[in-house]
$ cat target_17.pdb   # PDB, C-alpha atoms
ATOM      1  CA  ARG A 299     -14.241  99.134 108.328
ATOM      2  CA  LEU A 300     -13.864  95.367 107.764
ATOM      3  CA  PHE A 301     -15.990  95.224 104.598
ATOM      4  CA  PRO A 302     -14.170  97.930 102.597
ATOM      5  CA  GLU A 303     -10.835  96.606 103.888
ATOM      6  CA  VAL A 304     -11.580  93.151 102.497
ATOM      7  CA  LEU A 305     -12.602  94.647  99.159
ATOM      8  CA  VAL A 306      -9.536  96.840  98.909
ATOM      9  CA  ARG A 307      -7.143  94.051  99.890
ATOM     10  CA  PHE A 308      -8.754  91.773  97.314
ATOM     11  CA  GLY A 309      -8.426  94.516  94.708
ATOM     12  CA  MET A 310      -4.769  95.110  95.492
ATOM     13  CA  THR A 311      -3.781  91.463  95.034
ATOM     14  CA  ASN A 312      -6.195  89.999  92.480
ATOM     15  CA  PRO A 313      -5.390  90.562  88.779
ATOM     16  CA  LEU A 314      -9.040  90.276  87.734
ATOM     17  CA  THR A 315     -10.079  93.020  90.130
ATOM     18  CA  ARG A 316      -7.200  95.213  88.994
ATOM     19  CA  GLN A 317      -8.382  94.787  85.403
ATOM     20  CA  LEU A 318     -11.867  95.858  86.518
ATOM     21  CA  LEU A 319     -10.416  98.972  88.147
ATOM     22  CA  ASP A 320      -8.565  99.595  84.894
ATOM     23  CA  LEU A 321     -11.920  99.818  83.122
ATOM     24  CA  PHE A 322     -12.883 102.608  85.534
ATOM     25  CA  GLY A 323      -9.735 104.575  84.741
ATOM     26  CA  ILE A 324      -7.344 103.327  87.450
ATOM     27  CA  SER A 325      -4.276 101.780  85.857
ATOM     28  CA  ALA A 326      -3.851  98.049  86.444
ATOM     29  CA  LYS A 327      -0.113  98.760  86.670
ATOM     30  CA  ALA A 328      -0.312 101.484  89.302
ATOM     31  CA  PRO A 329       0.966 100.745  92.857
ATOM     32  CA  LEU A 330      -2.259 101.280  94.839
ATOM     33  CA  PRO A 331      -1.979 101.444  98.650
ATOM     34  CA  VAL A 332      -3.544  98.748 100.824
ATOM     35  CA  TYR A 333      -5.683  99.309 103.912
ATOM     36  CA  ALA A 334      -3.899  98.550 107.203
ATOM     37  CA  HIS A 335      -5.505  95.960 109.475
ATOM     38  CA  LYS A 336      -6.253  98.737 111.966
ATOM     39  CA  SER A 337      -6.567 102.461 111.327
ATOM     40  CA  PHE A 338      -4.362 104.993 113.085
ATOM     41  CA  ARG A 339      -7.234 106.101 115.292
ATOM     42  CA  GLN A 340      -7.903 102.500 116.304
ATOM     43  CA  LEU A 341      -4.255 102.025 117.274
ATOM     44  CA  PHE A 342      -4.208 105.374 119.056
ATOM     45  CA  ALA A 343      -7.354 104.479 121.020
ATOM     46  CA  GLU A 344      -5.733 101.218 122.165
ATOM     47  CA  HIS A 345      -2.505 102.987 123.132
ATOM     48  CA  THR A 346      -1.617 103.689 126.769
ATOM     49  CA  PRO A 347      -0.177 107.235 126.956
ATOM     50  CA  ALA A 348       3.353 107.539 128.332
ATOM     51  CA  TYR A 349       3.888 111.287 128.822
ATOM     52  CA  GLY A 350       3.573 111.186 132.616
ATOM     53  CA  THR A 351       2.311 114.312 134.366
ATOM     54  CA  SER A 352       3.566 116.761 131.739
ATOM     55  CA  THR A 353       1.223 119.544 130.667
ATOM     56  CA  LYS A 354       2.842 120.027 127.245
ATOM     57  CA  SER A 355       0.509 119.257 124.325
ATOM     58  CA  VAL A 356       0.521 119.031 120.542
ATOM     59  CA  VAL A 357      -2.271 118.469 118.036
ATOM     60  CA  PHE A 358      -1.581 115.815 115.416
ATOM     61  CA  PHE A 359      -3.494 115.828 112.107
ATOM     62  CA  PRO A 360      -2.767 112.354 110.672
ATOM     63  CA  GLY A 361      -4.321 112.780 107.222
ATOM     64  CA  CYS A 362      -5.827 110.032 105.076
ATOM     65  CA  TYR A 363      -2.649 108.152 104.194
ATOM     66  CA  ILE A 364      -1.487 107.704 107.785
ATOM     67  CA  GLU A 365      -5.028 107.040 108.974
ATOM     68  CA  ASP A 366      -5.839 104.234 106.554
ATOM     69  CA  TYR A 367      -2.642 102.904 105.000
ATOM     70  CA  ASP A 368       0.340 103.690 107.228
ATOM     71  CA  PRO A 369      -0.914 103.986 110.819
ATOM     72  CA  GLN A 370       2.319 102.688 112.347
ATOM     73  CA  THR A 371       4.185 105.791 111.197
ATOM     74  CA  GLY A 372       1.597 107.874 113.052
ATOM     75  CA  MET A 373       2.154 105.788 116.165
ATOM     76  CA  ASP A 374       5.929 106.149 115.780
ATOM     77  CA  LEU A 375       5.442 109.924 115.977
ATOM     78  CA  VAL A 376       3.184 109.574 119.020
ATOM     79  CA  MET A 377       5.824 107.466 120.813
ATOM     80  CA  LEU A 378       8.599 109.984 120.076
ATOM     81  CA  LEU A 379       6.480 112.938 121.220
ATOM     82  CA  GLU A 380       5.486 111.165 124.420
ATOM     83  CA  ARG A 381       9.146 110.319 125.034
ATOM     84  CA  ALA A 382       9.705 114.103 125.037
ATOM     85  CA  GLY A 383       6.841 114.574 127.519
ATOM     86  CA  TYR A 384       4.076 115.707 125.150
ATOM     87  CA  ARG A 385       0.411 114.767 125.292
ATOM     88  CA  VAL A 386      -0.785 114.106 121.737
ATOM     89  CA  ILE A 387      -4.277 115.305 120.786
ATOM     90  CA  VAL A 388      -5.794 113.693 117.695
ATOM     91  CA  PRO A 389      -8.952 115.458 116.447
ATOM     92  CA  ARG A 390     -11.646 113.459 114.687
ATOM     93  CA  LEU A 391     -11.369 115.162 111.316
ATOM     94  CA  GLY A 392     -11.539 113.963 107.734
ATOM     95  CA  CYS A 393      -9.482 114.607 104.629
ATOM     96  CA  CYS A 394      -7.643 117.933 104.303
ATOM     97  CA  GLY A 395      -9.163 118.334 100.824
ATOM     98  CA  VAL A 396      -6.165 117.934  98.497
ATOM     99  CA  PRO A 397      -7.765 115.133  96.394
ATOM    100  CA  LEU A 398     -11.031 117.077  96.175
ATOM    101  CA  ILE A 399      -9.348 120.205  94.843
ATOM    102  CA  ALA A 400      -7.110 118.220  92.488
ATOM    103  CA  ASN A 401     -10.190 116.665  90.905
ATOM    104  CA  GLY A 402     -12.328 119.812  90.781
ATOM    105  CA  PHE A 403     -14.713 119.246  93.707
ATOM    106  CA  MET A 404     -14.369 122.753  95.081
ATOM    107  CA  ASP A 405     -17.647 122.899  97.040
ATOM    108  CA  GLU A 406     -16.793 119.708  98.891
ATOM    109  CA  ALA A 407     -13.251 120.959  99.491
ATOM    110  CA  ALA A 408     -14.581 124.235 100.903
ATOM    111  CA  GLU A 409     -16.742 122.344 103.378
ATOM    112  CA  ALA A 410     -13.796 120.167 104.428
ATOM    113  CA  ALA A 411     -11.705 123.304 104.909
ATOM    114  CA  ARG A 412     -14.435 124.947 106.995
ATOM    115  CA  VAL A 413     -14.845 121.951 109.320
ATOM    116  CA  ASN A 414     -11.141 121.210 109.670
ATOM    117  CA  SER A 415      -9.993 124.769 110.237
ATOM    118  CA  ALA A 416     -12.736 125.468 112.785
ATOM    119  CA  GLU A 417     -11.820 122.459 114.911
ATOM    120  CA  LEU A 418      -8.074 122.998 114.596
ATOM    121  CA  ALA A 419      -8.481 126.680 115.499
ATOM    122  CA  ARG A 420     -10.395 125.650 118.621
ATOM    123  CA  LEU A 421      -7.732 123.128 119.643
ATOM    124  CA  SER A 422      -4.801 125.442 118.964
ATOM    125  CA  SER A 423      -6.291 128.471 120.713
ATOM    126  CA  ALA A 424      -3.788 128.100 123.565
ATOM    127  CA  ASP A 425      -0.737 128.271 121.268
ATOM    128  CA  ILE A 426      -0.667 124.490 120.834
ATOM    129  CA  PRO A 427       1.312 123.426 117.741
ATOM    130  CA  ILE A 428      -0.463 121.474 114.985
ATOM    131  CA  LEU A 429       1.730 118.771 113.471
ATOM    132  CA  THR A 430       1.433 116.863 110.209
ATOM    133  CA  LEU A 431       3.424 113.972 108.772
ATOM    134  CA  CYS A 432       2.158 114.440 105.221
ATOM    135  CA  PRO A 433       3.577 117.357 103.191
ATOM    136  CA  SER A 434       0.369 117.621 101.153
ATOM    137  CA  CYS A 435      -1.718 118.007 104.316
ATOM    138  CA  GLY A 436       0.790 120.498 105.716
ATOM    139  CA  LEU A 437       0.741 122.627 102.563
ATOM    140  CA  MET A 438      -3.059 122.564 102.359
ATOM    141  CA  LEU A 439      -3.715 123.380 106.028
ATOM    142  CA  GLY A 440      -0.931 125.893 106.455
ATOM    143  CA  GLN A 441      -1.087 127.744 103.147
ATOM    144  CA  GLU A 442      -3.586 126.635 100.531
ATOM    145  CA  TYR A 443      -6.743 126.938 102.662
ATOM    146  CA  GLY A 444      -6.030 130.664 102.773
ATOM    147  CA  GLU A 445      -5.322 130.803  99.035
ATOM    148  CA  PHE A 446      -8.324 128.790  97.849
ATOM    149  CA  PHE A 447     -10.751 130.055 100.504
ATOM    150  CA  PRO A 448      -9.584 133.588 101.444
ATOM    151  CA  ASN A 449     -12.736 134.368 103.445
ATOM    152  CA  LEU A 450     -12.168 131.453 105.813
ATOM    153  CA  ARG A 451     -11.120 133.243 109.000
ATOM    154  CA  ASP A 452     -10.161 130.086 110.902
ATOM    155  CA  ALA A 453      -7.687 129.181 108.156
ATOM    156  CA  ARG A 454      -5.745 132.351 108.949
ATOM    157  CA  THR A 455      -5.786 131.379 112.623
ATOM    158  CA  ILE A 456      -4.310 127.917 112.217
ATOM    159  CA  ALA A 457      -1.672 128.758 109.583
ATOM    160  CA  PRO A 458       0.901 130.095 112.110
ATOM    161  CA  ARG A 459       0.387 127.002 114.306
ATOM    162  CA  MET A 460       1.092 124.477 111.527
ATOM    163  CA  GLU A 461       4.433 122.690 111.686
ATOM    164  CA  ASP A 462       6.033 119.742 109.958
ATOM    165  CA  ALA A 463       6.509 116.924 112.489
ATOM    166  CA  CYS A 464      10.156 116.361 111.537
ATOM    167  CA  GLU A 465      10.867 120.074 111.946
ATOM    168  CA  PHE A 466       9.196 120.007 115.358
ATOM    169  CA  LEU A 467      11.297 117.034 116.497
ATOM    170  CA  ILE A 468      14.476 118.824 115.405
ATOM    171  CA  HIS A 469      13.532 121.699 117.731
ATOM    172  CA  LEU A 470      12.934 119.220 120.570
ATOM    173  CA  ILE A 471      16.361 117.650 120.042
ATOM    174  CA  GLU A 472      18.072 121.050 119.896
ATOM    175  CA  GLN A 473      16.295 122.101 123.110
ATOM    176  CA  GLU A 474      17.188 118.737 124.709
ATOM    177  CA  GLU A 475      13.547 117.889 125.301
ATOM    178  CA  LEU A 476      14.024 114.770 123.167
ATOM    179  CA  ARG A 477      17.252 112.888 123.709
ATOM    180  CA  ILE A 478      18.511 110.553 120.999
ATOM    181  CA  PRO A 479      21.475 108.210 121.388
ATOM    182  CA  SER A 480      24.705 109.229 119.673
ATOM    183  CA  ARG A 481      25.481 106.628 117.035
ATOM    184  CA  SER A 482      26.740 106.123 113.516
ATOM    185  CA  ASP A 483      24.506 103.904 111.411
ATOM    186  CA  ARG A 484      26.178 101.982 108.601
ATOM    187  CA  GLU A 485      23.045 101.137 106.603
ATOM    188  CA  LYS A 486      22.905 103.279 103.463
ATOM    189  CA  LEU A 487      19.711 105.301 102.977
ATOM    190  CA  ILE A 488      18.648 107.679 100.224
ATOM    191  CA  TYR A 489      16.265 110.585 100.787
ATOM    192  CA  HIS A 490      13.659 112.019  98.393
ATOM    193  CA  ALA A 491      12.120 115.445  99.081
ATOM    194  CA  PRO A 492       8.443 115.496  97.986
ATOM    195  CA  CYS A 493       7.266 118.390  95.815
ATOM    196  CA  HIS A 494       4.696 119.546  98.389
ATOM    197  CA  LEU A 495       7.433 119.728 101.012
ATOM    198  CA  ARG A 496       9.659 121.825  98.750
ATOM    199  CA  ALA A 497       6.715 124.131  98.033
ATOM    200  CA  GLN A 498       6.552 125.036 101.730
ATOM    201  CA  GLY A 499      10.065 126.487 101.747
ATOM    202  CA  ILE A 500      11.085 124.869 105.047
ATOM    203  CA  GLY A 501      14.101 122.967 103.757
ATOM    204  CA  LYS A 502      14.365 119.208 104.215
ATOM    205  CA  PRO A 503      13.666 118.567 107.903
ATOM    206  CA  GLY A 504      13.287 114.788 107.431
ATOM    207  CA  LEU A 505      16.797 114.581 106.001
ATOM    208  CA  GLU A 506      18.217 116.863 108.703
ATOM    209  CA  LEU A 507      16.459 114.906 111.449
ATOM    210  CA  LEU A 508      17.979 111.597 110.359
ATOM    211  CA  ARG A 509      21.433 113.124 110.011
ATOM    212  CA  LEU A 510      21.111 114.346 113.610
ATOM    213  CA  ALA A 511      20.363 110.742 114.574
ATOM    214  CA  GLY A 512      23.535 109.505 112.852
ATOM    215  CA  ALA A 513      21.957 108.035 109.732
ATOM    216  CA  ASN A 514      24.109 107.293 106.697
ATOM    217  CA  ILE A 515      21.842 109.083 104.247
ATOM    218  CA  GLU A 516      22.246 110.610 100.801
ATOM    219  CA  ASP A 517      20.012 113.297  99.305
ATOM    220  CA  ALA A 518      18.760 112.052  95.923
ATOM    221  CA  GLN A 519      18.207 115.574  94.527
ATOM    222  CA  ALA A 520      16.639 114.028  91.420
ATOM    223  CA  GLY A 521      13.330 115.826  90.936
ATOM    224  CA  CYS A 522       9.727 114.629  91.090
ATOM    225  CA  CYS A 523       8.646 110.985  91.415
ATOM    226  CA  GLY A 524       5.768 111.702  89.009
ATOM    227  CA  ILE A 525       2.878 110.369  91.096
ATOM    228  CA  SER A 526       1.389 113.816  91.918
ATOM    229  CA  GLY A 527      -1.301 112.627  94.317
ATOM    230  CA  SER A 528      -3.868 110.613  92.376
ATOM    231  CA  TYR A 529      -2.495 111.690  88.957
ATOM    232  CA  GLY A 530      -0.153 108.738  88.468
ATOM    233  CA  PHE A 531      -2.815 106.187  89.368
ATOM    234  CA  LYS A 532      -4.950 107.159  86.374
ATOM    235  CA  LYS A 533      -4.826 104.858  83.370
ATOM    236  CA  GLU A 534      -4.122 107.618  80.864
ATOM    237  CA  LYS A 535      -1.415 109.189  83.071
ATOM    238  CA  TYR A 536       0.516 106.134  84.304
ATOM    239  CA  ALA A 537       3.146 106.253  81.534
ATOM    240  CA  VAL A 538       3.593 110.024  81.897
ATOM    241  CA  ALA A 539       3.997 109.740  85.672
ATOM    242  CA  SER A 540       6.535 106.947  85.244
ATOM    243  CA  SER A 541       8.602 108.926  82.746
ATOM    244  CA  VAL A 542       8.621 112.015  84.987
ATOM    245  CA  GLY A 543      10.214 109.948  87.761
ATOM    246  CA  ASP A 544      12.833 108.245  85.577
ATOM    247  CA  GLU A 545      15.772 110.280  86.885
ATOM    248  CA  LEU A 546      14.764 109.728  90.511
ATOM    249  CA  PHE A 547      14.253 105.981  90.039
ATOM    250  CA  ARG A 548      17.642 105.655  88.359
ATOM    251  CA  THR A 549      19.326 107.646  91.142
ATOM    252  CA  VAL A 550      17.745 105.511  93.859
ATOM    253  CA  LYS A 551      18.707 102.234  92.156
ATOM    254  CA  GLU A 552      22.272 103.350  91.496
ATOM    255  CA  SER A 553      22.801 104.733  95.024
ATOM    256  CA  GLY A 554      23.376 101.342  96.630
ATOM    257  CA  ALA A 555      20.909 102.274  99.372
ATOM    258  CA  SER A 556      18.944  99.516 101.057
ATOM    259  CA  CYS A 557      16.003 101.837 101.762
ATOM    260  CA  CYS A 558      14.530 105.108 100.509
ATOM    261  CA  VAL A 559      13.207 107.708 102.946
ATOM    262  CA  SER A 560      10.497 110.239 102.075
ATOM    263  CA  GLU A 561       7.723 112.083 103.902
ATOM    264  CA  CYS A 562       5.066 111.500 101.217
ATOM    265  CA  GLY A 563       3.150 108.220 101.222
ATOM    266  CA  THR A 564       2.374 108.189  97.510
ATOM    267  CA  CYS A 565       5.990 109.136  96.680
ATOM    268  CA  ARG A 566       7.074 106.102  98.694
ATOM    269  CA  LEU A 567       4.646 103.890  96.776
ATOM    270  CA  GLN A 568       5.863 105.186  93.431
ATOM    271  CA  ILE A 569       9.544 104.853  94.290
ATOM    272  CA  SER A 570       9.228 101.298  95.610
ATOM    273  CA  HIS A 571       7.077 100.333  92.626
ATOM    274  CA  HIS A 572       9.662 101.477  90.085
ATOM    275  CA  THR A 573      12.853 100.543  91.946
ATOM    276  CA  GLY A 574      12.000  97.497  94.062
ATOM    277  CA  ILE A 575      13.596  99.264  97.037
ATOM    278  CA  PRO A 576      11.520  99.673 100.247
ATOM    279  CA  ALA A 577      10.618 103.205 101.321
ATOM    280  CA  ILE A 578       9.633 104.556 104.746
ATOM    281  CA  HIS A 579       8.871 107.848 106.472
ATOM    282  CA  PRO A 580      11.772 109.640 108.250
ATOM    283  CA  ILE A 581       9.857 109.434 111.540
ATOM    284  CA  SER A 582       9.683 105.647 111.369
ATOM    285  CA  ARG A 583      13.375 105.409 110.536
ATOM    286  CA  LEU A 584      14.178 107.739 113.453
ATOM    287  CA  ARG A 585      12.304 105.481 115.843
ATOM    288  CA  GLN A 586      14.195 102.446 114.498
ATOM    289  CA  LEU A 587      17.485 104.255 115.089
ATOM    290  CA  THR A 588      16.618 105.402 118.613
ATOM    291  CA  ASP A 589      14.812 102.384 120.114
TER     292      ASP A 589
END

$ encode --input "target_17.pdb" --output "structure tokens"
Amino acid sequence: RLFPEVLVRFGMTNPLTRQLLDLFGISAKAPLPVYAHKSFRQLFAEHTPAYGTSTKSVVFFPGCYIEDYDPQTGMDLVMLLERAGYRVIVPRLGCCGVPLIANGFMDEAAEAARVNSAELARLSSADIPILTLCPSCGLMLGQEYGEFFPNLRDARTIAPRMEDACEFLIHLIEQEELRIPSRSDREKLIYHAPCHLRAQGIGKPGLELLRLAGANIEDAQAGCCGISGSYGFKKEKYAVASSVGDELFRTVKESGASCCVSECGTCRLQISHHTGIPAIHPISRLRQLTD
């Protein structure tokens, strides 16, 4: 892991390397993510579980963004789930396949779907929920596997077990399995609902979760950020992606919020890039509010 991490970090900060990437079709202006010092699985392996003797379990599918670029958000979820008495199971699986499908690599995506759904079906056979933090992963695993690969039997098995992590935590709070302190936070936040979350038709659980925790949070309700997965990183699409997000960027800047909250990692990159305002996942903000 060290060698690619060094290369990626160098590429993220060195103008000459960014110009080289530009030659290969990745915009030198685009806000590329940077590898974390340790992956989520490395942090999880070093973590001492704190769920006691409870027999309650959940499966957590971290996805590529949490795994490589934002592992602390994954660990924030683990800590909250363990606080509620849950053992967190993290399968050793790769990408859900969204980037493969978006770029036309259907055979490779089908293989990823086969491997992922088979292992998740095995793990969830005892009615264990499968949680995701990334709306793109959640949409792919819970719905689009069945649409793109209708003959994949295991995809039909795991779909009913899939649940957004914020939605799951709301249920835990309502059932008093997870207790959060009653407070009123004065820091102004603004929330952006990613397109892949809206496509699932489950509302805005990240926004609802933070309101339950007493956050002072506004719903931006200003459309798409424009990044669309890897679309906005491409040299020929950077300007288009930026223009698509104009209304959202203006809303965020004019809101007076000190931080933007969104479930999607690339949305957070795009928003911070165009507004200068930091952006985090609702789960991480919840942990800040409750610790």

$ resolve_selection --input "target_17.pdb" --expression "the PyMOL selection byres ((chain A and resi 534-550) around 8)" --output "mmCIF file with C-alpha atoms, in the coordinates of the input"
data_model
loop_
_atom_site.group_PDB
_atom_site.id
_atom_site.type_symbol
_atom_site.label_atom_id
_atom_site.label_comp_id
_atom_site.auth_asym_id
_atom_site.auth_seq_id
_atom_site.Cartn_x
_atom_site.Cartn_y
_atom_site.Cartn_z
ATOM 1 C CA GLY A 323 -9.735 104.575 84.741
ATOM 2 C CA SER A 325 -4.276 101.780 85.857
ATOM 3 C CA LYS A 327 -0.113 98.760 86.670
ATOM 4 C CA ALA A 328 -0.312 101.484 89.302
ATOM 5 C CA ILE A 488 18.648 107.679 100.224
ATOM 6 C CA ALA A 518 18.760 112.052 95.923
ATOM 7 C CA GLN A 519 18.207 115.574 94.527
ATOM 8 C CA ALA A 520 16.639 114.028 91.420
ATOM 9 C CA GLY A 521 13.330 115.826 90.936
ATOM 10 C CA CYS A 522 9.727 114.629 91.090
ATOM 11 C CA CYS A 523 8.646 110.985 91.415
ATOM 12 C CA GLY A 524 5.768 111.702 89.009
ATOM 13 C CA ILE A 525 2.878 110.369 91.096
ATOM 14 C CA SER A 526 1.389 113.816 91.918
ATOM 15 C CA TYR A 529 -2.495 111.690 88.957
ATOM 16 C CA GLY A 530 -0.153 108.738 88.468
ATOM 17 C CA PHE A 531 -2.815 106.187 89.368
ATOM 18 C CA LYS A 532 -4.950 107.159 86.374
ATOM 19 C CA LYS A 533 -4.826 104.858 83.370
ATOM 20 C CA LYS A 551 18.707 102.234 92.156
ATOM 21 C CA GLU A 552 22.272 103.350 91.496
ATOM 22 C CA SER A 553 22.801 104.733 95.024
ATOM 23 C CA GLY A 554 23.376 101.342 96.630
ATOM 24 C CA ALA A 555 20.909 102.274 99.372
ATOM 25 C CA CYS A 558 14.530 105.108 100.509
ATOM 26 C CA ILE A 569 9.544 104.853 94.290
ATOM 27 C CA HIS A 572 9.662 101.477 90.085
ATOM 28 C CA THR A 573 12.853 100.543 91.946
#

$ resolve_selection --input "target_17.pdb" --expression "the PyMOL selection byres ((chain A and resi 368) around 12)" --output "PyMOL selection string"
chain A and resi 331-339+341+360-367+369-375+431-432+561-564+566-567+577-579+581-582

$ atom_distance --input "target_17.pdb" --atom1 "atom CA of A:Ala463" --atom2 "atom CA of A:Ile428"
8.7 Å

$ residues_around --input "target_17.pdb" --residues "A:Phe466" --least-positions-apart "2" --cutoff "12 Å" --atoms "all atoms listed in the file" --output "PDB file with C-alpha atoms, in the frame of the given file"
ATOM      1  CA  VAL A 356       0.521 119.031 120.542  1.00  0.00           C
ATOM      2  CA  VAL A 357      -2.271 118.469 118.036  1.00  0.00           C
ATOM      3  CA  PHE A 358      -1.581 115.815 115.416  1.00  0.00           C
ATOM      4  CA  LEU A 375       5.442 109.924 115.977  1.00  0.00           C
ATOM      5  CA  LEU A 378       8.599 109.984 120.076  1.00  0.00           C
ATOM      6  CA  LEU A 379       6.480 112.938 121.220  1.00  0.00           C
ATOM      7  CA  ALA A 382       9.705 114.103 125.037  1.00  0.00           C
ATOM      8  CA  TYR A 384       4.076 115.707 125.150  1.00  0.00           C
ATOM      9  CA  PRO A 427       1.312 123.426 117.741  1.00  0.00           C
ATOM     10  CA  ILE A 428      -0.463 121.474 114.985  1.00  0.00           C
ATOM     11  CA  LEU A 429       1.730 118.771 113.471  1.00  0.00           C
ATOM     12  CA  THR A 430       1.433 116.863 110.209  1.00  0.00           C
ATOM     13  CA  LEU A 431       3.424 113.972 108.772  1.00  0.00           C
ATOM     14  CA  ARG A 459       0.387 127.002 114.306  1.00  0.00           C
ATOM     15  CA  MET A 460       1.092 124.477 111.527  1.00  0.00           C
ATOM     16  CA  GLU A 461       4.433 122.690 111.686  1.00  0.00           C
ATOM     17  CA  ASP A 462       6.033 119.742 109.958  1.00  0.00           C
ATOM     18  CA  ALA A 463       6.509 116.924 112.489  1.00  0.00           C
ATOM     19  CA  CYS A 464      10.156 116.361 111.537  1.00  0.00           C
ATOM     20  CA  ILE A 468      14.476 118.824 115.405  1.00  0.00           C
ATOM     21  CA  HIS A 469      13.532 121.699 117.731  1.00  0.00           C
ATOM     22  CA  LEU A 470      12.934 119.220 120.570  1.00  0.00           C
ATOM     23  CA  ILE A 471      16.361 117.650 120.042  1.00  0.00           C
ATOM     24  CA  GLU A 472      18.072 121.050 119.896  1.00  0.00           C
ATOM     25  CA  GLN A 473      16.295 122.101 123.110  1.00  0.00           C
ATOM     26  CA  GLU A 475      13.547 117.889 125.301  1.00  0.00           C
ATOM     27  CA  LEU A 476      14.024 114.770 123.167  1.00  0.00           C
ATOM     28  CA  ILE A 500      11.085 124.869 105.047  1.00  0.00           C
ATOM     29  CA  PRO A 503      13.666 118.567 107.903  1.00  0.00           C
ATOM     30  CA  GLY A 504      13.287 114.788 107.431  1.00  0.00           C
ATOM     31  CA  GLU A 506      18.217 116.863 108.703  1.00  0.00           C
ATOM     32  CA  LEU A 507      16.459 114.906 111.449  1.00  0.00           C
ATOM     33  CA  ILE A 581       9.857 109.434 111.540  1.00  0.00           C
TER      34      ILE A 581
END

$ closest_residue --input "target_17.pdb" --among "A:Ile456, A:Ile575, A:Leu587, A:Ala326" --to "A:Asn514" --atoms "all atoms listed in the file"
A:Leu587

$ atom_distance --input "target_17.pdb" --atom1 "atom CA of A:Leu495" --atom2 "atom CA of A:Gln441"
11.9 Å

$ atom_distance --input "target_17.pdb" --atom1 "atom CA of A:Arg496" --atom2 "atom CA of A:Cys393"
21.3 Å

$ closest_residue --input "target_17.pdb" --among "A:Gly395, A:Ile426, A:Glu474, A:Gln340" --to "A:Glu442" --atoms "all atoms listed in the file"
A:Gly395

$ closest_residue --input "target_17.pdb" --among "A:Thr351, A:Ser560, A:Ser423, A:Ser415" --to "A:Lys502" --atoms "all atoms listed in the file"
A:Ser560

$ closest_residue --input "target_17.pdb" --among "A:Ser355, A:Ser570, A:Ser528, A:Thr455" --to "A:Asn414" --atoms "all atoms listed in the file"
A:Thr455

$ closest_residue --input "target_17.pdb" --among "A:Ala411, A:Met438, A:Leu510, A:Ala453" --to "A:Gln498" --atoms "only C-alpha atoms"
A:Met438

$ closest_residue --input "target_17.pdb" --among "A:Leu321, A:Ala408, A:Ala419, A:Ala424" --to "A:Pro389" --atoms "only C-alpha atoms"
A:Ala419

$ residues_around --input "target_17.pdb" --residues "A:Thr588" --least-positions-apart "2" --cutoff "10 Å" --atoms "all atoms listed in the file" --output "PyMOL selection string"
chain A and resi 378+477-481+511-512+583-586

$ resolve_selection --input "target_17.pdb" --expression "the PyMOL selection byres ((chain A and resi 349) around 7)" --output "ChimeraX atom specification"
/A:347-348,350-352,380-381,383-385

$ residues_around --input "target_17.pdb" --residues "A:Tyr489" --least-positions-apart "2" --cutoff "7 Å" --atoms "only C-alpha atoms" --output "list in words"
Leu487, Ala491, Leu505, Ile515, Glu516, Asp517, Ala518, Cys558, Val559 and Ser560 of chain A

$ write_last_selection --input "target_17.pdb" --atoms "C-alpha atoms" --output "short mmCIF file (atom, residue, chain, number, x, y, z; two decimals), in the frame of the given file"
data_model
loop_
_atom_site.label_atom_id
_atom_site.label_comp_id
_atom_site.auth_asym_id
_atom_site.auth_seq_id
_atom_site.Cartn_x
_atom_site.Cartn_y
_atom_site.Cartn_z
CA LEU A 487 19.71 105.30 102.98
CA ALA A 491 12.12 115.44 99.08
CA LEU A 505 16.80 114.58 106.00
CA ILE A 515 21.84 109.08 104.25
CA GLU A 516 22.25 110.61 100.80
CA ASP A 517 20.01 113.30 99.30
CA ALA A 518 18.76 112.05 95.92
CA CYS A 558 14.53 105.11 100.51
CA VAL A 559 13.21 107.71 102.95
CA SER A 560 10.50 110.24 102.08
#
